[in-house]
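Colleague: Dumping the structure here so I can ask a few things about it.
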Amino acid sequence: MAKTISDLSDITDFVINKGNGVKGLSELGLKSIPNQYIQPLEERISTMIMSQDSIPIIDMSNWNNPKVVESICSAAEKFGFFQLVNHGVPVEVLENVKEATHRFFLLPAEAKSKYSKERSPSNNVQYGTSFNPQAEKALEWKDFLGLYAYGDEHEVSAFWPPVCRDEVLEYMKKSEILTKRLVELLMRRLNVKEIDKAKEYLLMGAKRIQLNYYPICPNPELAVGNGRHSDISTLTILLQDDIGGLYVRRNDNGNDKDSGWIHVPPVKGSLVINIGDALQIISNGRYKSVEHRVAVNSSKNRVSIPIFVFPRPSEMISPLPEVLESGEKPVYKSVLFSDYVKHFFAKPHNGKTTIEFAKI
């Protein structure tokens with residue numbers, strides 16, 4: 001029987017403390033979403049100006065072909081987002097990790113809440129909801145499981161939930177070659193001839209894989225799955241399911257007032273790549289991190305699985321010497337990456353404001 005929201009004395013207690021997440025709310029059969037999830041008018045997907053543009057879809061089967069390299073680098077500069085097909089990660093691996101994501105979120109609340117920030121056996125595992133519930137005026141209609149990996153992946157994955165551990169590890173392992181290829185191609189454009197150990201730590205010294213779950217929402221026009229933000233990574237490699245809901249800000253020479261939003265439709269077997277703030281800083285603004293957001297829907301539970309490829313937390317990030325050697329002036333100062341991360345997570349999703357932290 002459908003419940004009304006008055007049946008719940010405290011949404012926060014039900015969703016966060018008891019570990020039910022938004023999935024638990026969705027399964028109550030509510031006729032309307034609680035007030036805490038109603039977004040202000042300007043943040044609703046329904047009020048967005050839509051762009052007729054599309055982000056490039058690039059075939060990577062011949063990844064070293066100069067035309068493919070050009071397509072990837074141009075997309076990173078112009079759109080900050082692109083989709084890859086024939087990327088070398090087996091479709092079976094992608095399907096398995098999507099299924100494993102559904103399996104984790106189908107666990108009872110008490111099994112999932114063992115991995116909440118307060119109870120998790122390790123800092124490398126965190127189950128949560130929304131983005132930053134303590135700081136947000138309106139909550140996001142999303143639950144997630146965040147898994148950190150650096151150094152020995154099998155060591156750090158020891159505390160990951162067994163119900164999805166193997167599939168996530170396999171996905172990370174199989175996407176490693178793709179990650180390295182993309183970083184190598186993008187660096188070549190910046191006159192970086194070789195990625196030695198120091199550059200590897202700077203560009204891809206840590207990873208976080210996140211299993212996102214966007215449950216059915218009774219009022220999708222009032223809610224968001226993810227608010228407007230740019231990622232803080234070097235690169236993000238995103239696996240979508242076939243439902244759709246990702247929107248990307250049209251990158252219009254920094255003038256994003258009315259530039260509109262581009263829907264990124266699911267393409268079977270593809271991976272969506274986007275540039276993060278760290279790479280924008282390292283490239284001195286040549287590659288662009290771009291705002292994006294996620295809509296929810298009233299008929300299907302959606303999952304997405306991003307791999308965030310980061311600098312190591314102890315790295316200082318700043319424009320590369322190779323980028324500045326022609327006399328280009330740095331736009332960004334040198335910042336400790338762990339400070340940048342703390343700044344991002346201390347506030348709600350609020351567009352592309354985090355990068356101001358590094359501006360000169």
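By order in the structure tokens, chains are A, B, ...; within a chain, residues start at 1; ligands start at 1, following the order shown.
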Excluding Glu118 (chain A) and any residue of its chain fewer than 2 positions from it, enumerate the residues within 12 Å of it, using only C-alpha atoms, and give them as number ranges by chain.

Modeller: A: 16-19, 113-116, 120-123, 125-128

Colleague: Counting only C-alpha atoms, which residues in region 238-353 of chain A sit no more than 12 Å from region 96-104 of chain A? For each one, give the nearest pair of atoms and the distance in Å, sorted by chain then residue number, as a tab-separated table.

Modeller:
```
residue	atom	partner	partner_atom	distance
A:Leu238	CA	A:Lys98	CA	11.6
A:Leu239	CA	A:Lys98	CA	8.4
A:Gln240	CA	A:Lys98	CA	8.6
A:Asp241	CA	A:Lys98	CA	7.4
A:Asp242	CA	A:Lys98	CA	10.6
A:Gly269	CA	A:Lys98	CA	11.8
A:Asn301	CA	A:His102	CA	9.2
A:Arg302	CA	A:His102	CA	9.2
A:Val303	CA	A:Lys98	CA	7.1
A:Ser304	CA	A:Lys98	CA	7.6
A:Ile305	CA	A:Lys98	CA	7.6
A:Pro306	CA	A:Val97	CA	11.1
A:Ile307	CA	A:Val97	CA	11.9
```

Colleague: Store the residues picked out above, limited to N, CA and C atoms, as a tab-separated table (two decimals), in the first residue's frame.

Modeller:
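This went into part.tsv:
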```tsv
chain	number	residue	atom	x	y	z
A	238	LEU	N	32.88	6.78	-18.07
A	238	LEU	CA	31.53	6.51	-17.59
A	238	LEU	C	30.85	5.42	-18.41
A	239	LEU	N	30.31	4.44	-17.68
A	239	LEU	CA	29.48	3.41	-18.29
A	239	LEU	C	28.02	3.75	-17.96
A	240	GLN	N	27.22	3.98	-19.00
A	240	GLN	CA	25.78	4.22	-18.80
A	240	GLN	C	25.03	2.92	-19.06
A	241	ASP	N	23.82	2.81	-18.50
A	241	ASP	CA	22.94	1.72	-18.95
A	241	ASP	C	22.14	2.24	-20.15
A	242	ASP	N	21.07	1.55	-20.53
A	242	ASP	CA	20.37	1.94	-21.76
A	242	ASP	C	19.21	2.90	-21.53
A	269	GLY	N	27.29	-0.59	-25.74
A	269	GLY	CA	28.70	-0.98	-25.74
A	269	GLY	C	29.67	0.18	-25.67
A	301	ASN	N	14.54	2.16	-12.89
A	301	ASN	CA	15.71	2.39	-12.05
A	301	ASN	C	16.93	2.43	-12.96
A	302	ARG	N	17.71	3.50	-12.86
A	302	ARG	CA	18.88	3.67	-13.75
A	302	ARG	C	20.16	3.46	-12.96
A	303	VAL	N	21.18	2.85	-13.60
A	303	VAL	CA	22.51	2.78	-12.98
A	303	VAL	C	23.53	3.41	-13.93
A	304	SER	N	24.59	3.94	-13.33
A	304	SER	CA	25.75	4.37	-14.12
A	304	SER	C	26.99	4.09	-13.29
A	305	ILE	N	28.09	3.84	-13.96
A	305	ILE	CA	29.33	3.47	-13.25
A	305	ILE	C	30.50	4.28	-13.80
A	306	PRO	N	30.83	5.40	-13.14
A	306	PRO	CA	32.02	6.15	-13.55
A	306	PRO	C	33.28	5.63	-12.87
A	307	ILE	N	34.39	5.64	-13.62
A	307	ILE	CA	35.72	5.48	-13.02
A	307	ILE	C	36.37	6.85	-13.08
```

Colleague: Closest to Ile45 (chain A) among A:Lys333, A:His292, A:Lys173, A:Arg312, using only C-alpha atoms?

Modeller: A:His292

Colleague: For the structure I just gave you, how does DSSP split region 47-246 of chain A - specifically, which residues are strand (DSSP E or B)? Reply as a ChimeraX atom specification.

Modeller: /A:50,57-59,81-85,116,125-129,143-149,206-214,226-229,235-240,246

Colleague: Dump C-alpha atoms for the selected residues as a PDB file, in the first residue's frame?

Modeller:
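The resulting file, again17.pdb, is reproduced below:
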```pdb
ATOM      1  CA  MET A  50      18.202  22.280 -24.750  1.00  0.00           C
ATOM      2  CA  ILE A  57      31.072   9.428 -31.045  1.00  0.00           C
ATOM      3  CA  ILE A  58      34.587   8.175 -31.863  1.00  0.00           C
ATOM      4  CA  ASP A  59      35.559   4.718 -33.089  1.00  0.00           C
ATOM      5  CA  PHE A  81      32.954  15.044 -23.436  1.00  0.00           C
ATOM      6  CA  PHE A  82      32.931  12.312 -26.085  1.00  0.00           C
ATOM      7  CA  GLN A  83      31.712   8.733 -26.502  1.00  0.00           C
ATOM      8  CA  LEU A  84      33.962   5.855 -27.517  1.00  0.00           C
ATOM      9  CA  VAL A  85      33.004   2.701 -29.388  1.00  0.00           C
ATOM     10  CA  SER A 116      28.204   3.931   5.268  1.00  0.00           C
ATOM     11  CA  VAL A 125      34.530   2.020   0.711  1.00  0.00           C
ATOM     12  CA  GLN A 126      31.585   4.356   1.175  1.00  0.00           C
ATOM     13  CA  TYR A 127      27.857   3.808   0.690  1.00  0.00           C
ATOM     14  CA  GLY A 128      25.840   6.985   0.707  1.00  0.00           C
ATOM     15  CA  THR A 129      23.028   9.012  -0.767  1.00  0.00           C
ATOM     16  CA  ASP A 143      22.320   6.397  -3.911  1.00  0.00           C
ATOM     17  CA  PHE A 144      25.926   5.403  -4.508  1.00  0.00           C
ATOM     18  CA  LEU A 145      28.762   3.095  -3.512  1.00  0.00           C
ATOM     19  CA  GLY A 146      32.216   4.684  -3.818  1.00  0.00           C
ATOM     20  CA  LEU A 147      35.281   2.420  -4.024  1.00  0.00           C
ATOM     21  CA  TYR A 148      38.812   3.845  -3.949  1.00  0.00           C
ATOM     22  CA  ALA A 149      41.758   2.115  -5.583  1.00  0.00           C
ATOM     23  CA  ALA A 206      44.580   7.032  -7.953  1.00  0.00           C
ATOM     24  CA  LYS A 207      41.100   5.879  -8.992  1.00  0.00           C
ATOM     25  CA  ARG A 208      37.627   5.917  -7.546  1.00  0.00           C
ATOM     26  CA  ILE A 209      34.921   3.807  -9.086  1.00  0.00           C
ATOM     27  CA  GLN A 210      31.377   4.742  -8.179  1.00  0.00           C
ATOM     28  CA  LEU A 211      28.269   2.613  -8.562  1.00  0.00           C
ATOM     29  CA  ASN A 212      25.361   5.054  -8.964  1.00  0.00           C
ATOM     30  CA  TYR A 213      21.729   4.058  -8.514  1.00  0.00           C
ATOM     31  CA  TYR A 214      18.925   6.418  -9.572  1.00  0.00           C
ATOM     32  CA  ASN A 226      23.021  14.704  -9.956  1.00  0.00           C
ATOM     33  CA  GLY A 227      23.173  18.477  -9.681  1.00  0.00           C
ATOM     34  CA  ARG A 228      25.268  20.663 -12.017  1.00  0.00           C
ATOM     35  CA  HIS A 229      29.005  20.070 -11.525  1.00  0.00           C
ATOM     36  CA  LEU A 235      39.566  11.840 -16.802  1.00  0.00           C
ATOM     37  CA  THR A 236      36.262  10.158 -16.050  1.00  0.00           C
ATOM     38  CA  ILE A 237      35.287   6.959 -17.869  1.00  0.00           C
ATOM     39  CA  LEU A 238      31.526   6.506 -17.586  1.00  0.00           C
ATOM     40  CA  LEU A 239      29.479   3.411 -18.291  1.00  0.00           C
ATOM     41  CA  GLN A 240      25.783   4.221 -18.804  1.00  0.00           C
ATOM     42  CA  LEU A 246      23.007  12.472 -18.702  1.00  0.00           C
TER      43      LEU A 246
END
```

Colleague: I'd like the interatomic distance between CA of Pro311 (chain A) and CA of Ser270 (chain A), to a tenth of an Å.

Modeller: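 These atoms are spaced 24.9 Å apart.
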
Colleague: Within 9 Å of Val183 (chain A), counting only C-alpha atoms, which residues show up once you throw out same-chain ones fewer than 2 positions away? Write them as a list in words, please.

Modeller: Leu178, Thr179, Lys180, Arg181, Leu185, Leu186, Met187, Arg188, Ile195, Leu203, Met204, Thr234 and Leu235 of chain A

Colleague: For Lys174 (chain A), list every protein, DNA or RNA residue within 10 Å, evaluated using only C-alpha atoms, and leave out those in the same chain fewer than 6 positions away; present the list as a list in words.

Modeller: Gly88, Val89, Pro90, Val93, Leu94 and Val168 of chain A

Colleague: Return the single residue from A:Asn64, A:Leu324, A:Val294, A:Pro266 that is closest to Ile282 (chain A), with distances computed using only C-alpha atoms.

Modeller: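 Among A:Asn64, A:Leu324, A:Val294, A:Pro266, it is A:Leu324 that comes nearest to Ile282 (chain A).
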
Colleague: Mind the document's chain letters and residue numbers, and return as a list in words the residues of region 199-296 of chain A that DSSP labels helix (DSSP H, G or I).

Modeller: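 Output for region 199-296 of chain A, helix (DSSP H, G or I) only: Lys199, Glu200, Tyr201, Leu202, Leu203, Met204, Asp277, Ala278, Leu279, Gln280, Ile281 and Ile282 of chain A.
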
Colleague: Any idea what's packed within 9 Å of region 353-356 of chain A, counting only C-alpha atoms, ignoring anything in its chain fewer than 5 positions away? Could you give it as a list in words?

Modeller: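 Here the answer would be His229, Ser230, Ile232, Asp277, Ala278, Gln280, Ile281, Tyr332, Tyr340, His343 and Phe344 of chain A.
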
Colleague: Let's have the selection written as a PDB file, in the first residue's frame, with N, CA and C atoms.

Modeller:
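Writing the result to selection11.pdb gives the following:
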```pdb
ATOM      1  N   HIS A 229      27.629  20.075 -12.048  1.00  0.00           N
ATOM      2  CA  HIS A 229      29.005  20.070 -11.525  1.00  0.00           C
ATOM      3  C   HIS A 229      29.963  19.681 -12.645  1.00  0.00           C
ATOM      4  N   SER A 230      31.234  19.973 -12.451  1.00  0.00           N
ATOM      5  CA  SER A 230      32.271  19.366 -13.289  1.00  0.00           C
ATOM      6  C   SER A 230      33.038  18.408 -12.388  1.00  0.00           C
ATOM      7  N   ILE A 232      36.332  16.488 -10.751  1.00  0.00           N
ATOM      8  CA  ILE A 232      37.649  17.012 -10.342  1.00  0.00           C
ATOM      9  C   ILE A 232      38.784  16.105 -10.808  1.00  0.00           C
ATOM     10  N   ASP A 277      38.553  18.609 -13.914  1.00  0.00           N
ATOM     11  CA  ASP A 277      39.243  19.856 -13.548  1.00  0.00           C
ATOM     12  C   ASP A 277      40.757  19.687 -13.503  1.00  0.00           C
ATOM     13  N   ALA A 278      41.226  18.535 -12.982  1.00  0.00           N
ATOM     14  CA  ALA A 278      42.677  18.343 -12.845  1.00  0.00           C
ATOM     15  C   ALA A 278      43.363  18.468 -14.203  1.00  0.00           C
ATOM     16  N   GLN A 280      42.123  20.061 -16.844  1.00  0.00           N
ATOM     17  CA  GLN A 280      41.999  21.456 -17.303  1.00  0.00           C
ATOM     18  C   GLN A 280      43.137  22.302 -16.718  1.00  0.00           C
ATOM     19  N   ILE A 281      43.420  22.089 -15.437  1.00  0.00           N
ATOM     20  CA  ILE A 281      44.499  22.847 -14.768  1.00  0.00           C
ATOM     21  C   ILE A 281      45.859  22.471 -15.363  1.00  0.00           C
ATOM     22  N   TYR A 332      46.497  29.022 -13.911  1.00  0.00           N
ATOM     23  CA  TYR A 332      46.245  28.372 -12.624  1.00  0.00           C
ATOM     24  C   TYR A 332      47.514  28.333 -11.786  1.00  0.00           C
ATOM     25  N   TYR A 340      42.334  20.375  -3.060  1.00  0.00           N
ATOM     26  CA  TYR A 340      41.323  20.606  -4.098  1.00  0.00           C
ATOM     27  C   TYR A 340      40.127  19.673  -3.876  1.00  0.00           C
ATOM     28  N   HIS A 343      38.015  20.771  -0.914  1.00  0.00           N
ATOM     29  CA  HIS A 343      37.209  21.935  -1.293  1.00  0.00           C
ATOM     30  C   HIS A 343      35.956  21.494  -2.055  1.00  0.00           C
ATOM     31  N   PHE A 344      36.114  20.531  -2.961  1.00  0.00           N
ATOM     32  CA  PHE A 344      34.992  20.030  -3.776  1.00  0.00           C
ATOM     33  C   PHE A 344      33.940  19.356  -2.902  1.00  0.00           C
TER      34      PHE A 344
END
```
